[in-house]
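See below for work.cif, which holds mmCIF, C-alpha atoms.
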```cif
data_data
loop_
_atom_site.label_atom_id
_atom_site.label_comp_id
_atom_site.auth_asym_id
_atom_site.auth_seq_id
_atom_site.Cartn_x
_atom_site.Cartn_y
_atom_site.Cartn_z
CA MET A 596 30.38 2.15 29.88
CA LEU A 597 29.75 5.88 29.42
CA ALA A 598 33.41 6.43 28.63
CA LEU A 599 33.22 3.72 25.98
CA LEU A 600 30.10 5.30 24.52
CA ARG A 601 32.00 8.55 23.95
CA THR A 602 34.44 6.89 21.60
CA ARG A 603 34.15 7.55 17.89
CA ARG A 604 33.51 3.88 17.08
CA TRP A 605 30.54 3.53 19.44
CA LEU A 606 29.12 6.91 18.48
CA GLY A 607 29.13 5.62 14.89
CA TYR A 608 27.32 2.47 16.00
CA LEU A 609 24.75 4.59 17.83
CA ALA A 610 24.16 6.69 14.71
CA LEU A 611 23.53 3.54 12.68
CA VAL A 612 21.05 2.28 15.28
CA LEU A 613 19.21 5.61 15.24
CA VAL A 614 18.92 5.51 11.45
CA PHE A 615 17.72 1.89 11.58
CA ALA A 616 15.12 2.70 14.25
CA THR A 617 13.90 5.75 12.34
CA VAL A 618 13.35 3.69 9.19
CA CYS A 619 11.53 0.99 11.17
CA VAL A 620 9.24 3.53 12.87
CA ALA A 621 8.48 5.17 9.51
CA LEU A 622 7.57 1.82 7.94
CA GLY A 623 5.49 0.89 10.99
CA SER A 624 3.61 4.20 10.80
CA TRP A 625 2.99 3.65 7.08
CA GLN A 626 1.52 0.22 7.77
CA TRP A 627 -0.65 1.73 10.52
CA HIS A 628 -2.04 4.34 8.12
CA ARG A 629 -2.75 1.64 5.54
CA ARG A 630 -4.71 -0.27 8.19
CA GLU A 631 -6.70 2.87 9.00
CA GLU A 632 -7.50 3.31 5.30
CA ALA A 633 -8.60 -0.33 5.04
CA LEU A 634 -10.85 0.01 8.10
CA ALA A 635 -12.35 3.20 6.69
CA ALA A 636 -13.08 1.44 3.38
CA ILE A 637 -14.80 -1.41 5.24
CA ALA A 638 -16.86 1.10 7.23
CA ARG A 639 -17.98 2.88 4.05
CA LEU A 640 -18.99 -0.40 2.44
CA ASP A 641 -20.99 -1.47 5.48
CA ALA A 642 -22.64 1.93 5.83
CA ASN A 643 -23.69 2.46 2.20
CA TYR A 644 -23.85 -0.73 0.18
CA ASP A 645 -27.23 -2.10 1.31
CA GLU A 646 -29.02 1.19 1.87
CA ALA A 647 -32.27 2.00 0.04
CA PRO A 648 -31.70 4.05 -3.13
CA VAL A 649 -32.11 7.82 -3.03
CA PRO A 650 -32.35 10.26 -5.95
CA LEU A 651 -29.02 11.00 -7.59
CA GLY A 652 -29.51 14.74 -7.08
CA ASP A 653 -29.79 14.28 -3.31
CA VAL A 654 -26.26 12.85 -3.20
CA LEU A 655 -24.48 14.68 -6.01
CA THR A 656 -25.90 18.18 -6.16
CA GLU A 657 -23.32 19.26 -8.76
CA THR A 658 -21.69 17.28 -11.55
CA ASP A 659 -18.26 17.62 -9.97
CA ASP A 660 -19.43 16.71 -6.45
CA TYR A 661 -18.12 13.63 -4.68
CA GLU A 662 -16.84 12.84 -1.21
CA ILE A 663 -15.07 9.62 -0.33
CA ASP A 664 -17.73 8.86 2.29
CA GLN A 665 -20.24 8.62 -0.59
CA GLN A 666 -18.49 5.58 -2.00
CA TRP A 667 -20.99 2.75 -2.58
CA SER A 668 -23.94 5.11 -2.02
CA VAL A 669 -27.04 3.70 -3.73
CA VAL A 670 -28.77 6.20 -6.01
CA GLU A 671 -31.67 6.09 -8.45
CA VAL A 672 -31.93 8.09 -11.65
CA SER A 673 -34.12 8.10 -14.74
CA GLY A 674 -33.12 8.84 -18.32
CA GLU A 675 -31.78 7.03 -21.35
CA TYR A 676 -28.60 5.23 -22.34
CA LEU A 677 -26.49 6.65 -25.16
CA ALA A 678 -25.81 3.25 -26.70
CA ASP A 679 -23.86 4.65 -29.66
CA GLU A 680 -21.21 6.02 -27.27
CA GLN A 681 -20.71 2.78 -25.36
CA LEU A 682 -17.12 2.05 -24.24
CA LEU A 683 -15.24 -1.06 -23.23
CA LEU A 684 -13.17 -0.80 -20.07
CA ARG A 685 -10.31 -3.24 -20.64
CA GLY A 686 -8.29 -5.30 -18.18
CA ARG A 687 -11.08 -6.10 -15.67
CA VAL A 688 -10.81 -9.43 -13.85
CA ARG A 689 -13.64 -11.77 -12.88
CA ASP A 690 -12.90 -15.23 -11.48
CA THR A 691 -9.28 -15.06 -12.76
CA ALA A 692 -10.46 -14.23 -16.32
CA VAL A 693 -9.41 -10.88 -17.77
CA GLY A 694 -12.26 -9.29 -19.71
CA PHE A 695 -14.07 -6.00 -20.19
CA ASP A 696 -16.57 -3.84 -18.34
CA VAL A 697 -19.23 -2.20 -20.49
CA VAL A 698 -19.38 1.52 -19.71
CA VAL A 699 -22.30 3.45 -21.19
CA PRO A 700 -23.08 7.19 -20.88
CA PHE A 701 -26.53 7.72 -19.33
CA ARG A 702 -28.33 11.00 -20.04
CA THR A 703 -30.45 11.82 -17.02
CA ASP A 704 -33.83 13.56 -17.22
CA ALA A 705 -32.04 16.65 -15.86
CA GLY A 706 -29.84 16.69 -18.96
CA SER A 707 -26.53 15.65 -17.38
CA ILE A 708 -24.56 12.53 -18.25
CA LEU A 709 -23.65 9.88 -15.71
CA LEU A 710 -21.19 7.18 -16.76
CA VAL A 711 -22.61 3.77 -15.90
CA ASP A 712 -20.63 0.54 -15.73
CA ARG A 713 -23.26 -2.06 -16.63
CA GLY A 714 -21.15 -5.15 -15.92
CA TRP A 715 -18.52 -7.51 -17.26
CA VAL A 716 -18.16 -9.48 -20.49
CA PRO A 717 -15.50 -12.13 -21.20
CA PRO A 718 -12.85 -11.82 -23.90
CA GLY A 719 -13.62 -13.26 -27.30
CA ALA A 720 -11.55 -15.27 -29.74
CA THR A 721 -8.69 -12.93 -28.89
CA SER A 722 -7.98 -11.01 -25.74
CA GLU A 723 -8.27 -7.70 -27.59
CA ALA A 724 -12.08 -7.58 -27.64
CA PRO A 725 -15.20 -9.59 -26.72
CA ASP A 726 -17.02 -11.50 -29.44
CA SER A 727 -20.17 -9.49 -28.77
CA VAL A 728 -21.23 -6.61 -26.52
CA PRO A 729 -24.82 -6.51 -25.17
CA ALA A 730 -26.66 -3.30 -25.93
CA PRO A 731 -28.37 -1.39 -23.10
CA PRO A 732 -32.17 -1.00 -22.98
CA ASP A 733 -33.72 1.48 -25.41
CA GLY A 734 -35.76 4.49 -24.39
CA ASP A 735 -36.54 5.78 -20.93
CA VAL A 736 -35.31 3.61 -18.09
CA THR A 737 -34.86 4.01 -14.36
CA ILE A 738 -31.61 2.64 -13.05
CA VAL A 739 -30.14 2.07 -9.61
CA VAL A 740 -26.36 2.37 -9.32
CA ARG A 741 -23.71 2.44 -6.61
CA LEU A 742 -21.30 5.35 -6.79
CA ARG A 743 -17.58 4.90 -7.33
CA GLU A 744 -14.91 7.57 -7.50
CA ASP A 745 -13.19 8.74 -10.66
CA GLU A 746 -10.23 6.45 -11.46
CA GLY A 747 -8.31 9.10 -13.36
CA GLU A 748 -5.68 8.40 -15.96
CA ILE A 749 -3.34 5.44 -15.54
CA ALA A 750 0.12 6.49 -16.68
CA GLY A 751 1.60 4.37 -19.45
CA ARG A 752 -1.66 2.58 -20.32
CA GLY A 753 -3.62 3.17 -23.47
CA ALA A 754 -6.51 1.59 -25.31
CA PRO A 755 -7.67 1.22 -28.92
CA GLU A 756 -10.62 3.09 -30.38
CA GLY A 757 -13.84 2.38 -28.50
CA GLN A 758 -12.00 1.17 -25.40
CA ILE A 759 -10.61 2.84 -22.29
CA ALA A 760 -7.88 1.78 -19.84
CA SER A 761 -9.56 3.41 -16.84
CA VAL A 762 -12.67 5.39 -15.96
CA ASP A 763 -11.06 8.78 -16.49
CA LEU A 764 -14.13 10.97 -16.14
CA ASP A 765 -12.44 14.24 -17.05
CA ALA A 766 -11.15 12.75 -20.31
CA ILE A 767 -14.54 11.21 -21.15
CA ALA A 768 -16.30 14.50 -20.35
CA GLN A 769 -14.33 16.21 -23.11
CA THR A 770 -16.05 13.99 -25.69
CA HIS A 771 -19.55 15.21 -24.71
CA ASP A 772 -21.31 18.53 -25.18
CA GLU A 773 -23.63 18.01 -22.19
CA PRO A 774 -22.42 18.36 -18.59
CA VAL A 775 -20.87 15.13 -17.33
CA TYR A 776 -20.57 13.91 -13.76
CA THR A 777 -16.81 14.02 -13.20
CA GLY A 778 -16.67 13.24 -9.48
CA ALA A 779 -18.14 9.75 -9.63
CA TYR A 780 -19.63 7.13 -11.90
CA GLY A 781 -22.10 4.34 -11.20
CA LEU A 782 -21.91 0.56 -10.95
CA LEU A 783 -25.20 -0.82 -12.18
CA ALA A 784 -27.45 -2.59 -9.69
CA THR A 785 -30.81 -2.72 -11.51
CA GLU A 786 -32.55 -1.42 -14.65
CA ASP A 787 -36.27 -0.83 -14.19
CA GLY A 788 -36.08 -3.00 -11.10
CA GLU A 789 -34.36 -5.93 -12.80
CA VAL A 790 -30.75 -7.09 -12.77
CA ALA A 791 -29.29 -7.08 -16.26
CA ASP A 792 -28.93 -10.69 -17.43
CA ASP A 793 -26.87 -10.09 -20.57
CA LEU A 794 -23.60 -9.48 -18.71
CA ALA A 795 -22.00 -10.44 -15.41
CA PRO A 796 -23.40 -8.22 -12.64
CA PHE A 797 -21.43 -6.72 -9.78
CA THR A 798 -21.33 -8.48 -6.44
CA ARG A 799 -20.61 -7.07 -3.01
CA PRO A 800 -16.85 -6.74 -2.51
CA VAL A 801 -15.19 -8.75 0.24
CA LEU A 802 -12.93 -6.41 2.17
CA ASP A 803 -10.65 -7.09 5.11
CA GLU A 804 -8.11 -5.01 6.95
CA GLY A 805 -5.20 -7.23 5.89
CA PRO A 806 -2.02 -7.92 7.87
CA HIS A 807 -1.17 -4.25 8.41
CA LEU A 808 -1.51 -4.39 12.21
CA SER A 809 0.92 -7.29 12.55
CA TYR A 810 3.35 -5.58 10.17
CA THR A 811 3.10 -2.39 12.23
CA LEU A 812 3.96 -4.24 15.44
CA GLN A 813 6.82 -6.07 13.74
CA TRP A 814 8.46 -2.85 12.56
CA PHE A 815 8.16 -1.26 16.01
CA VAL A 816 9.64 -4.37 17.61
CA PHE A 817 12.54 -4.24 15.15
CA ALA A 818 13.21 -0.63 16.18
CA ILE A 819 13.30 -1.62 19.87
CA MET A 820 15.51 -4.63 19.13
CA GLY A 821 18.04 -2.34 17.47
CA PHE A 822 18.51 -0.43 20.73
CA VAL A 823 18.50 -3.59 22.81
CA GLY A 824 21.22 -5.10 20.64
CA PHE A 825 23.26 -1.90 20.86
CA VAL A 826 23.10 -1.77 24.67
CA TRP A 827 23.90 -5.49 24.94
CA ALA A 828 26.99 -5.14 22.74
CA LEU A 829 28.12 -2.01 24.59
CA ARG A 830 27.78 -3.62 28.01
CA ARG A 831 29.52 -6.77 26.83
CA GLU A 832 32.54 -4.84 25.62
CA ALA A 833 32.58 -2.66 28.75
CA ARG A 834 32.44 -5.75 30.98
CA GLY A 835 35.31 -7.30 29.04
CA ASP A 836 37.44 -4.18 29.54
CA GLU A 837 36.72 -4.18 33.28
CA GLU A 838 37.69 -7.83 33.64
CA LEU A 839 41.00 -7.16 31.90
CA GLU A 840 41.76 -4.30 34.29
CA GLU A 841 40.92 -6.41 37.36
CA GLN A 842 43.18 -9.32 36.41
CA PRO A 843 46.51 -9.33 38.42
CA ARG A 844 49.51 -8.69 36.27
CA GLU A 845 52.11 -11.47 36.33
CA PRO A 846 55.66 -10.39 37.19
CA ARG A 847 57.99 -10.21 34.29
CA ARG A 848 59.95 -13.37 33.93
CA ALA A 849 63.69 -13.01 33.67
CA ARG A 850 64.88 -13.48 30.18
CA ARG A 851 66.44 -16.90 29.75
CA ARG A 852 70.15 -16.66 29.07
CA SER A 853 71.21 -18.06 25.78
CA ASP A 854 74.33 -20.19 25.24
CA ALA A 855 76.04 -17.21 23.66
CA ASP A 856 75.40 -15.13 26.79
CA ILE A 857 76.91 -17.84 28.99
CA GLU A 858 80.04 -18.09 26.80
CA ASP A 859 80.48 -14.32 26.89
CA ALA A 860 80.27 -14.35 30.68
CA ILE A 861 82.94 -17.08 30.91
CA LEU A 862 85.27 -15.25 28.61
CA ASP A 863 84.77 -12.02 30.55
CA GLY A 864 85.74 -13.83 33.78
CA ALA A 865 88.84 -15.41 32.22
CA GLU A 866 90.10 -12.09 31.01
CA ARG A 867 89.92 -10.57 34.48
#
```

Written as structure tokens, how would this file's structure read?
Amino acid sequence: MLALLRTRRWLGYLALVLVFATVCVALGSWQWHRREEALAAIARLDANYDEAPVPLGDVLTETDDYEIDQQWSVVEVSGEYLADEQLLLRGRVRDTAVGFDVVVPFRTDAGSILLVDRGWVPPGATSEAPDSVPAPPDGDVTIVVRLREDEGEIAGRGAPEGQIASVDLDAIAQTHDEPVYTGAYGLLATEDGEVADDLAPFTRPVLDEGPHLSYTLQWFVFAIMGFVGFVWALRREARGDEELEEQPREPRRARRRSDADIEDAILDGAER
């Protein structure tokens, strides 16, 4: 079997199996990392979502602060909404309907601006805009929000005037003279202790780890099966070669004389 393995054909087969196994292991490792990310997201949700609110400044000490472990952190802040600079975040889905989130800049008492997503409104007569957009409360208000990370720019997606395709905090910050929180924005929980009733509020996300573990195991099994199949095929061919060598060789049968050969022999005898 080792001699067979040294042949160019079987070395080529082995190279193909190694490439196949490498790809399978890489895909399995990718699925494993995705599972770890999903488990970490679940852990953050469980750790932060239902906690009592703390002052915004205790969590985000600078406007560009934000760590992923602060996702869903519940913070409280006082100030006023800048209703004239309200934006519509397009392409947001609720119960299979594609509508808009209402994003409003909130000037805190410290003078910085926190972007607040107040909730969802359905599309109007056309899908391009809602029929009406509820205005935020006037004057001083104390809000409780849950922090979410900056979404950044989505390549290839745009929005008309007054709308945005994503919560791109750096881009929004350029439209304000005051300092803007660019690490995170807030999903509204309450305003002055009440849940806003003029738009659809946010509900606790339902997260699960998904099928990544089973996919990981499947890819690793595929890698092992590649080697098993290679060894099986190699041994099968080697066994076939050995059986051919062990078979007794039949003696060569004398060639049957043709009629022409017989006639030539008779003529040769007559001539003598």

- Message: Quick check, in Å to one decimal: how far apart do atom CA of A:Ala724 and atom CA of A:Ala692 lie?
- Response: 13.2 Å

- Between atom CA of A:Leu683 and atom CA of A:Ala795, measure the distance and give it in Å to one decimal. 14.0 Å

- Message: I'd like the contact shell of stretch 761-774 of chain A - 10 Å cut-off, all atoms listed in the file, skipping same-chain residues fewer than 4 positions apart - returned as an NGL selection string.
- Response: :A and (657-659 or 680 or 682-687 or 698 or 700 or 702 or 706-710 or 712 or 743-749 or 752-754 or 778-780)

- Got a sec to resolve the PyMOL selection byres ((chain A and resi 632) around 12) on this structure and send the residues as JSON, numbers by chain? {"A": [625, 626, 627, 628, 629, 630, 631, 633, 634, 635, 636, 637, 638, 639, 663, 802, 803, 804, 805, 807, 808]}

- Message: From the options A:Ser722, A:Asp696, A:Ser668, A:Thr737, which residue's atoms come nearest to A:Leu640, counting only C-alpha atoms?
- Response: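 Smallest separation from A:Leu640 among the options: A:Ser668.
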
Contact check, stretch 596-672 of chain A to stretch 813-836 of chain A, at most 12 Å, counting only C-alpha atoms, closest pairs as a tab-separated table:
```
residue	atom	partner	partner_atom	distance
A:Met596	CA	A:Ala833	CA	5.4
A:Leu597	CA	A:Ala833	CA	9.0
A:Ala598	CA	A:Ala833	CA	9.1
A:Leu599	CA	A:Ala833	CA	7.0
A:Leu600	CA	A:Leu829	CA	7.6
A:Arg601	CA	A:Leu829	CA	11.3
A:Thr602	CA	A:Leu829	CA	11.3
A:Arg604	CA	A:Leu829	CA	11.0
A:Trp605	CA	A:Leu829	CA	7.9
A:Leu606	CA	A:Phe825	CA	10.8
A:Gly607	CA	A:Phe825	CA	11.3
A:Tyr608	CA	A:Phe825	CA	7.7
A:Leu609	CA	A:Phe825	CA	7.3
A:Ala610	CA	A:Phe825	CA	10.6
A:Leu611	CA	A:Gly821	CA	9.4
A:Val612	CA	A:Gly821	CA	5.9
A:Leu613	CA	A:Phe822	CA	8.2
A:Val614	CA	A:Ala818	CA	9.6
A:Phe615	CA	A:Ala818	CA	6.9
A:Ala616	CA	A:Ala818	CA	4.3
A:Thr617	CA	A:Ala818	CA	7.5
A:Val618	CA	A:Ala818	CA	8.2
A:Cys619	CA	A:Trp814	CA	5.1
A:Val620	CA	A:Phe815	CA	5.8
A:Ala621	CA	A:Trp814	CA	8.6
A:Leu622	CA	A:Trp814	CA	6.6
A:Gly623	CA	A:Trp814	CA	5.0
A:Ser624	CA	A:Trp814	CA	8.7
A:Trp625	CA	A:Trp814	CA	10.1
A:Gln626	CA	A:Trp814	CA	9.0
A:Trp627	CA	A:Trp814	CA	10.4
```

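Take atom CA of A:Pro650 and atom CA of A:Val716: the distance between them is 28.3 Å.
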
- Item | Selection: 12 Å around A:Thr798, only C-alpha atoms, excl. self and same-chain fewer than 6 positions, as a PyMOL selection string | chain A and resi 644-645+667+689-690+714-715+741+782-784+790

- Note on the structure: Closest of A:Ala678, A:Ala705, A:Leu812, A:Val693 to A:Gly734, counting all atoms listed in the file, is A:Ala678

- Item | Neighbour list for A:Glu789 as a PyMOL selection string, cut-off 12 Å, all atoms listed in the file, skip fewer than 6 positions in-chain | chain A and resi 732+736-739+783+796

Dump of C-alpha atoms for the selected residues, as a tab-separated table (two decimals), keeping the file's coordinate frame:
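Writing done, so here's again-v7.tsv:
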```tsv
chain	number	residue	atom	x	y	z
A	732	PRO	CA	-32.17	-1.00	-22.98
A	736	VAL	CA	-35.31	3.61	-18.09
A	737	THR	CA	-34.86	4.01	-14.36
A	738	ILE	CA	-31.61	2.64	-13.05
A	739	VAL	CA	-30.14	2.07	-9.61
A	783	LEU	CA	-25.20	-0.82	-12.18
A	796	PRO	CA	-23.40	-8.22	-12.64
```

- Query: Of the residues A:Gly694, A:Tyr676, A:Val699, A:Thr811, which is the one nearest to A:Thr721, using all atoms listed in the file?
  - Reply: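 Once distances to A:Thr721 are computed over all atoms listed in the file, the minimum belongs to A:Gly694.
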